[in-house]
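File shown here: upload.cif, holding mmCIF, C-alpha atoms.
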data_query
loop_
_atom_site.label_atom_id
_atom_site.label_comp_id
_atom_site.auth_asym_id
_atom_site.auth_seq_id
_atom_site.Cartn_x
_atom_site.Cartn_y
_atom_site.Cartn_z
CA MET G 7 0.00 0.00 0.00
CA SER G 8 1.14 3.53 -0.67
CA THR G 9 2.11 5.16 2.62
CA GLN G 10 0.02 8.26 1.93
CA TRP G 11 -3.25 6.33 2.30
CA THR G 12 -2.27 3.65 4.81
CA SER G 13 -3.87 5.49 7.73
CA PHE G 14 -7.17 5.81 5.86
CA ILE G 15 -7.39 2.37 4.31
CA GLY G 16 -7.38 -0.92 6.06
CA ASN G 17 -10.81 -1.58 7.51
CA ARG G 18 -11.87 -4.90 6.04
CA GLU G 19 -15.23 -4.85 4.32
CA ALA G 20 -15.51 -1.05 4.54
CA TRP G 21 -17.07 0.99 1.75
CA TYR G 22 -15.25 3.95 0.21
CA VAL G 23 -17.46 6.17 -1.92
CA MET G 24 -15.60 8.91 -3.76
CA ASP G 25 -16.25 11.56 -6.33
CA ARG G 26 -14.38 11.31 -9.62
CA GLY G 27 -12.14 14.19 -8.56
CA TYR G 28 -10.41 11.63 -6.34
CA LEU G 29 -10.00 9.02 -9.09
CA ASP G 30 -6.63 7.50 -8.34
CA PHE G 31 -6.18 3.91 -9.49
CA GLU G 32 -3.28 3.26 -7.12
CA ARG G 33 -5.46 4.25 -4.15
CA LEU G 34 -8.40 2.20 -5.49
CA TYR G 35 -6.14 -0.82 -5.76
CA ASP G 36 -4.98 -0.27 -2.16
CA ILE G 37 -8.64 -0.32 -1.12
CA HIS G 38 -9.22 -3.48 -3.16
CA GLN G 39 -6.22 -5.22 -1.57
CA SER G 40 -7.46 -4.32 1.92
CA GLN G 41 -10.58 -6.41 1.15
CA SER G 42 -12.80 -3.35 1.16
CA TRP G 43 -15.08 -1.99 -1.54
CA PHE G 44 -15.18 1.27 -3.42
CA VAL G 45 -17.48 3.01 -5.84
CA THR G 46 -16.43 6.10 -7.72
CA ARG G 47 -17.35 7.95 -10.86
CA SER G 48 -15.29 7.29 -13.93
CA LYS G 49 -13.77 10.12 -15.91
CA LYS G 50 -14.80 10.44 -19.56
CA ASN G 51 -11.27 9.72 -20.78
CA THR G 52 -10.88 6.49 -18.77
CA LYS G 53 -9.84 3.81 -21.25
CA PHE G 54 -10.79 0.18 -20.78
CA GLN G 55 -11.29 -3.13 -22.54
CA ARG G 56 -14.60 -4.90 -21.96
CA ILE G 57 -14.25 -8.49 -20.78
CA THR G 58 -17.91 -9.39 -20.14
CA SER G 59 -21.29 -7.72 -19.97
CA LYS G 60 -24.27 -8.64 -17.79
CA LYS G 61 -27.86 -8.40 -18.92
CA VAL G 62 -29.36 -5.20 -17.52
CA ASP G 63 -32.82 -3.88 -16.71
CA LYS G 64 -32.96 -0.56 -18.54
CA SER G 65 -36.22 0.32 -16.77
CA GLN G 66 -34.10 0.60 -13.58
CA GLY G 67 -31.85 3.15 -15.30
CA ILE G 68 -28.98 0.71 -15.80
CA LEU G 69 -27.54 1.12 -19.30
CA CYS G 70 -24.68 -1.34 -18.93
CA ASP G 71 -22.98 -3.50 -16.32
CA GLN G 72 -19.57 -4.69 -17.44
CA ILE G 73 -16.41 -6.30 -16.19
CA VAL G 74 -13.49 -4.44 -17.75
CA ARG G 75 -9.73 -4.21 -17.60
CA LEU G 76 -8.29 -0.72 -17.49
CA ASP G 77 -6.29 0.32 -20.51
CA GLY G 78 -3.48 2.80 -20.59
CA THR G 79 -0.04 2.28 -19.11
CA ASN G 80 -0.47 3.94 -15.72
CA ALA G 81 -4.05 2.82 -15.09
CA ARG G 82 -3.29 -0.84 -15.88
CA LYS G 83 -0.07 -0.73 -13.84
CA ASN G 84 -1.77 0.89 -10.83
CA TYR G 85 -4.92 -1.28 -10.99
CA PRO G 86 -3.91 -4.57 -12.67
CA GLU G 87 -7.10 -6.51 -11.87
CA ARG G 88 -10.55 -6.54 -13.41
CA ILE G 89 -12.91 -3.78 -12.37
CA ARG G 90 -16.67 -3.35 -12.75
CA ARG G 91 -18.06 -0.53 -14.89
CA ILE G 92 -21.72 0.50 -14.54
CA LYS G 93 -23.41 3.07 -16.75
CA TYR G 94 -26.53 4.54 -15.16
CA ILE G 95 -29.04 7.23 -16.06
CA ASP G 96 -30.54 9.09 -13.10
CA SER G 97 -34.33 9.26 -13.57
CA GLU G 98 -34.56 12.45 -11.47
CA THR G 99 -31.90 14.49 -13.27
CA GLY G 100 -31.49 12.67 -16.59
CA LYS G 101 -27.72 12.62 -16.03
CA ARG G 102 -25.71 9.70 -17.37
CA LEU G 103 -23.21 8.51 -14.81
CA VAL G 104 -20.49 5.90 -15.14
CA PHE G 105 -19.30 4.16 -11.97
CA LEU G 106 -16.28 2.01 -11.27
CA THR G 107 -16.32 -0.50 -8.43
CA ASN G 108 -14.51 -3.58 -7.24
CA ASN G 109 -17.72 -5.08 -5.84
CA MET G 110 -18.89 -7.72 -8.27
CA LEU G 111 -21.84 -9.00 -6.20
CA VAL G 112 -24.09 -6.06 -5.34
CA SER G 113 -26.68 -5.14 -7.98
CA ALA G 114 -25.90 -2.31 -10.36
CA LYS G 115 -28.95 -0.38 -9.13
CA THR G 116 -27.73 -0.68 -5.52
CA MET G 117 -24.27 0.56 -6.56
CA ALA G 118 -25.90 3.63 -8.14
CA GLN G 119 -27.88 4.23 -4.93
CA VAL G 120 -24.74 3.88 -2.80
CA TYR G 121 -23.06 6.57 -4.88
CA LYS G 122 -26.15 8.78 -4.83
CA ASN G 123 -26.37 8.53 -1.03
CA ARG G 124 -22.81 9.86 -0.81
CA TRP G 125 -24.39 13.30 -1.08
CA HIS G 126 -26.32 12.79 2.18
CA VAL G 127 -23.05 12.08 3.97
CA GLU G 128 -21.52 15.24 2.49
CA LEU G 129 -24.52 17.27 3.66
CA PHE G 130 -24.18 15.78 7.15
CA PHE G 131 -20.52 16.82 7.35
CA LYS G 132 -21.42 20.28 6.04
CA TRP G 133 -24.00 20.52 8.85
CA ILE G 134 -21.37 19.44 11.39
CA LYS G 135 -18.97 22.13 10.17
CA GLN G 136 -21.66 24.82 10.28
CA HIS G 137 -23.32 23.94 13.57
CA LEU G 138 -20.90 22.09 15.81
CA HIS G 139 -18.01 24.50 15.37
CA VAL G 140 -15.33 21.82 15.38
CA LYS G 141 -12.44 23.79 13.92
CA SER G 142 -9.83 21.05 14.22
CA PHE G 143 -9.40 17.68 15.84
CA TYR G 144 -7.09 17.22 18.80
CA ASP G 145 -6.03 13.80 17.51
CA ARG G 146 -6.68 11.74 14.37
CA SER G 147 -7.45 8.46 16.08
CA ASP G 148 -10.91 7.04 15.51
CA ASN G 149 -11.77 7.31 19.21
CA ALA G 150 -10.58 10.93 19.50
CA VAL G 151 -12.55 12.11 16.46
CA ARG G 152 -15.71 10.31 17.57
CA SER G 153 -15.40 11.65 21.13
CA GLN G 154 -14.92 15.22 19.96
CA ILE G 155 -17.92 15.04 17.61
CA TRP G 156 -20.12 13.47 20.31
CA ILE G 157 -19.13 16.17 22.79
CA ALA G 158 -19.87 18.90 20.25
CA MET G 159 -23.26 17.30 19.48
CA CYS G 160 -24.12 17.11 23.20
CA VAL G 161 -23.27 20.79 23.63
CA TYR G 162 -25.42 21.64 20.60
CA LEU G 163 -28.37 19.65 22.00
CA LEU G 164 -28.02 21.22 25.47
CA ILE G 165 -28.08 24.69 23.94
CA ALA G 166 -31.13 23.72 21.85
CA LYS G 167 -32.90 22.47 24.98
CA LEU G 168 -32.08 25.66 26.89
CA LYS G 169 -33.23 27.81 23.97
CA LYS G 170 -36.59 26.04 24.00
CA GLN G 171 -37.02 26.05 27.79
CA LEU G 172 -36.05 29.70 28.16
CA GLU G 173 -37.90 30.69 24.95
CA LEU G 174 -34.87 32.59 23.69
CA PRO G 175 -35.42 34.52 20.43
CA GLN G 176 -31.85 34.07 19.11
CA ARG G 177 -30.96 31.37 16.65
CA LEU G 178 -28.93 28.44 17.99
CA ASN G 179 -25.92 29.59 16.02
CA GLU G 180 -26.07 33.05 17.59
CA ILE G 181 -26.32 31.58 21.11
CA GLN G 182 -23.35 29.29 20.47
CA GLN G 183 -21.18 32.11 19.19
CA SER G 184 -21.96 34.80 21.73
CA GLY G 185 -23.55 33.06 24.70
CA VAL G 186 -26.76 34.16 26.36
CA SER G 187 -26.81 37.78 27.49
CA GLY G 188 -29.17 39.05 30.15
#

Translate the structure described by the file into structure tokens.
Amino acid sequence: MSTQWTSFIGNREAWYVMDRGYLDFERLYDIHQSQSWFVTRSKKNTKFQRITSKKVDKSQGILCDQIVRLDGTNARKNYPERIRRIKYIDSETGKRLVFLTNNMLVSAKTMAQVYKNRWHVELFFKWIKQHLHVKSFYDRSDNAVRSQIWIAMCVYLLIAKLKKQLELPQRLNEIQQSGVSG
């Protein structure tokens, strides 16, 4: 594994869902070797050779479900194994999306939903940044990050409870930033 990602990768059977801006075949292969799964969007210029194709249900928005081998010197060197390519059309937006994953068992529709739900996680972290005021973490260990987020959430909930009980007119954010003035 490349040392840059060792601290992030290594949980067996974990899912890593990434935007195509993070498409890095060496990192994806590290995830694959750690016996975890990933799903990411493919870039338009990603070259591949189709090995097999599954029958798809186009009424589910699945346009193709293929097993491919990456083409191109660096891509094939950095990810030497077969990879799954799913082309999907989102019924809500009409956008055509192409996903890459190392999970060969989960249905193509489920893979599209996993990627789509990535946005909910991003919104949750945006909410954390805006409301919990965690500027930095004291430590990067799993326990330290979880503890700090739980403490910040407890403080947020206590302030929300006080706001309601005392019928304060300020918004929660204003109370957190300035405190309650008489």

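The space separating atom CA of Ile57 of chain G from atom CA of Ala118 of chain G comes to 21.0 Å.
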
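Using only C-alpha atoms, the smallest distance between any of G:Thr52, G:Leu106, G:Ser97, G:Gln154 and Ile73 of chain G comes from G:Leu106.
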
Q.
Could you list, as JSON, numbers by chain, every residue within 9 Å of Phe44 of chain G, counting all atoms listed in the file and ignoring same-chain residues fewer than 3 positions away?
A. {"G": [20, 21, 22, 23, 24, 34, 37, 38, 106, 107, 108, 109]}

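Distance-wise, atom CA of Arg26 of chain G and atom CA of His126 of chain G end up 16.9 Å apart.
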
Q | Shell around Tyr144 of chain G at 12 Å using all atoms listed in the file, local window under 5 positions removed, as a PyMOL selection string | A | chain G and resi 149-155

Q. Skipping near chain neighbours, those fewer than 3 positions away, what residues fall within 9 Å of Phe31 of chain G using all atoms listed in the file, listed as a VMD selection string?
A. chain G and resid 34 to 36 80 to 85

What's around Leu103 of chain G at 10 Å? Count all atoms listed in the file, leave out sequence neighbours fewer than 5 positions away in its own chain, and write the answer as a JSON list (two decimals) with C-alpha atoms, in the coordinates of the input.
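result-v9.json, written as the output of this step:
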[["chain", "number", "residue", "atom", "x", "y", "z"],
["G", 47, "ARG", "CA", -17.35, 7.95, -10.86],
["G", 48, "SER", "CA", -15.29, 7.29, -13.93],
["G", 49, "LYS", "CA", -13.77, 10.12, -15.91],
["G", 50, "LYS", "CA", -14.80, 10.44, -19.56],
["G", 68, "ILE", "CA", -28.98, 0.71, -15.80],
["G", 69, "LEU", "CA", -27.54, 1.12, -19.30],
["G", 92, "ILE", "CA", -21.72, 0.50, -14.54],
["G", 93, "LYS", "CA", -23.41, 3.07, -16.75],
["G", 94, "TYR", "CA", -26.53, 4.54, -15.16],
["G", 95, "ILE", "CA", -29.04, 7.23, -16.06],
["G", 96, "ASP", "CA", -30.54, 9.09, -13.10],
["G", 118, "ALA", "CA", -25.90, 3.63, -8.14]]

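Taking atom CA of Phe105 of chain G as the reference point, atom CA of Thr46 of chain G is found at 5.5 Å.
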
Q.
Which residues are near Leu138 of chain G? Cut-off 8 Å, only C-alpha atoms, ignore same chain within fewer than 3 positions. Put them as number ranges by chain.
A. G: 133-135, 155, 158-159, 162

Hey, could you make a per-residue contact list for segment 96-165 of chain G against segment 180-185 of chain G with 12 Å as the cut-off, showing the nearest pair of atoms and its distance in Å to one decimal, counting only C-alpha atoms, sorted by chain and number, as a Markdown table?
| residue | atom | partner | partner_atom | distance |
| --- | --- | --- | --- | --- |
| G:Gln136 | CA | G:Gln182 | CA | 11.3 |
| G:His137 | CA | G:Gln182 | CA | 8.7 |
| G:Leu138 | CA | G:Gln182 | CA | 8.9 |
| G:His139 | CA | G:Gln182 | CA | 8.8 |
| G:Ala158 | CA | G:Gln182 | CA | 11.0 |
| G:Val161 | CA | G:Gln182 | CA | 9.1 |
| G:Tyr162 | CA | G:Gln182 | CA | 7.9 |
| G:Leu163 | CA | G:Gln182 | CA | 11.0 |
| G:Leu164 | CA | G:Gln182 | CA | 10.6 |
| G:Ile165 | CA | G:Gln182 | CA | 7.5 |

Expected axis-aligned box over every listed atom of segment 135-149 of chain G, 4 Å added per side, centre plus edges in Å to one decimal, as AutoDock Vina command-line options:
--center_x -14.7 --center_y 15.9 --center_z 14.7 --size_x 25.3 --size_y 25.8 --size_z 17.0

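Nearest to Asp77 of chain G of all the residues G:Leu178, G:Asn51, G:Gln119, G:Thr58 is G:Asn51, counting all atoms listed in the file.
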
Complete the atoms of segment 35-50 of chain G to N, CA and C atoms and put them out as a PDB file, in the frame of the given file.
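Output file selection-v6.pdb follows:
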ATOM      1  N   TYR G  35      -6.703   0.521  -5.880  1.00  0.00           N
ATOM      2  CA  TYR G  35      -6.140  -0.820  -5.760  1.00  0.00           C
ATOM      3  C   TYR G  35      -5.741  -1.116  -4.309  1.00  0.00           C
ATOM      4  N   ASP G  36      -5.265  -0.106  -3.593  1.00  0.00           N
ATOM      5  CA  ASP G  36      -4.980  -0.270  -2.160  1.00  0.00           C
ATOM      6  C   ASP G  36      -6.259  -0.665  -1.418  1.00  0.00           C
ATOM      7  N   ILE G  37      -7.354   0.005  -1.741  1.00  0.00           N
ATOM      8  CA  ILE G  37      -8.640  -0.320  -1.120  1.00  0.00           C
ATOM      9  C   ILE G  37      -9.027  -1.759  -1.446  1.00  0.00           C
ATOM     10  N   HIS G  38      -8.898  -2.127  -2.708  1.00  0.00           N
ATOM     11  CA  HIS G  38      -9.220  -3.480  -3.160  1.00  0.00           C
ATOM     12  C   HIS G  38      -8.390  -4.520  -2.398  1.00  0.00           C
ATOM     13  N   GLN G  39      -7.098  -4.269  -2.254  1.00  0.00           N
ATOM     14  CA  GLN G  39      -6.220  -5.220  -1.570  1.00  0.00           C
ATOM     15  C   GLN G  39      -6.515  -5.306  -0.077  1.00  0.00           C
ATOM     16  N   SER G  40      -7.119  -4.281   0.494  1.00  0.00           N
ATOM     17  CA  SER G  40      -7.460  -4.320   1.920  1.00  0.00           C
ATOM     18  C   SER G  40      -8.780  -5.057   2.152  1.00  0.00           C
ATOM     19  N   GLN G  41      -9.320  -5.660   1.102  1.00  0.00           N
ATOM     20  CA  GLN G  41     -10.580  -6.410   1.150  1.00  0.00           C
ATOM     21  C   GLN G  41     -11.752  -5.505   1.529  1.00  0.00           C
ATOM     22  N   SER G  42     -11.710  -4.293   1.012  1.00  0.00           N
ATOM     23  CA  SER G  42     -12.800  -3.350   1.160  1.00  0.00           C
ATOM     24  C   SER G  42     -13.348  -3.045  -0.221  1.00  0.00           C
ATOM     25  N   TRP G  43     -14.451  -2.304  -0.271  1.00  0.00           N
ATOM     26  CA  TRP G  43     -15.080  -1.990  -1.540  1.00  0.00           C
ATOM     27  C   TRP G  43     -15.057  -0.497  -1.783  1.00  0.00           C
ATOM     28  N   PHE G  44     -15.086  -0.139  -3.054  1.00  0.00           N
ATOM     29  CA  PHE G  44     -15.180   1.270  -3.420  1.00  0.00           C
ATOM     30  C   PHE G  44     -16.184   1.413  -4.552  1.00  0.00           C
ATOM     31  N   VAL G  45     -16.709   2.599  -4.667  1.00  0.00           N
ATOM     32  CA  VAL G  45     -17.480   3.010  -5.840  1.00  0.00           C
ATOM     33  C   VAL G  45     -17.109   4.468  -6.088  1.00  0.00           C
ATOM     34  N   THR G  46     -16.810   4.758  -7.330  1.00  0.00           N
ATOM     35  CA  THR G  46     -16.430   6.100  -7.720  1.00  0.00           C
ATOM     36  C   THR G  46     -16.931   6.369  -9.123  1.00  0.00           C
ATOM     37  N   ARG G  47     -16.991   7.615  -9.490  1.00  0.00           N
ATOM     38  CA  ARG G  47     -17.350   7.950 -10.860  1.00  0.00           C
ATOM     39  C   ARG G  47     -16.126   7.833 -11.750  1.00  0.00           C
ATOM     40  N   SER G  48     -16.352   7.391 -12.941  1.00  0.00           N
ATOM     41  CA  SER G  48     -15.290   7.290 -13.930  1.00  0.00           C
ATOM     42  C   SER G  48     -15.165   8.620 -14.652  1.00  0.00           C
ATOM     43  N   LYS G  49     -13.964   8.933 -15.078  1.00  0.00           N
ATOM     44  CA  LYS G  49     -13.770  10.120 -15.910  1.00  0.00           C
ATOM     45  C   LYS G  49     -14.070   9.731 -17.357  1.00  0.00           C
ATOM     46  N   LYS G  50     -14.431  10.711 -18.165  1.00  0.00           N
ATOM     47  CA  LYS G  50     -14.800  10.440 -19.560  1.00  0.00           C
ATOM     48  C   LYS G  50     -13.647   9.847 -20.357  1.00  0.00           C
TER      49      LYS G  50
END
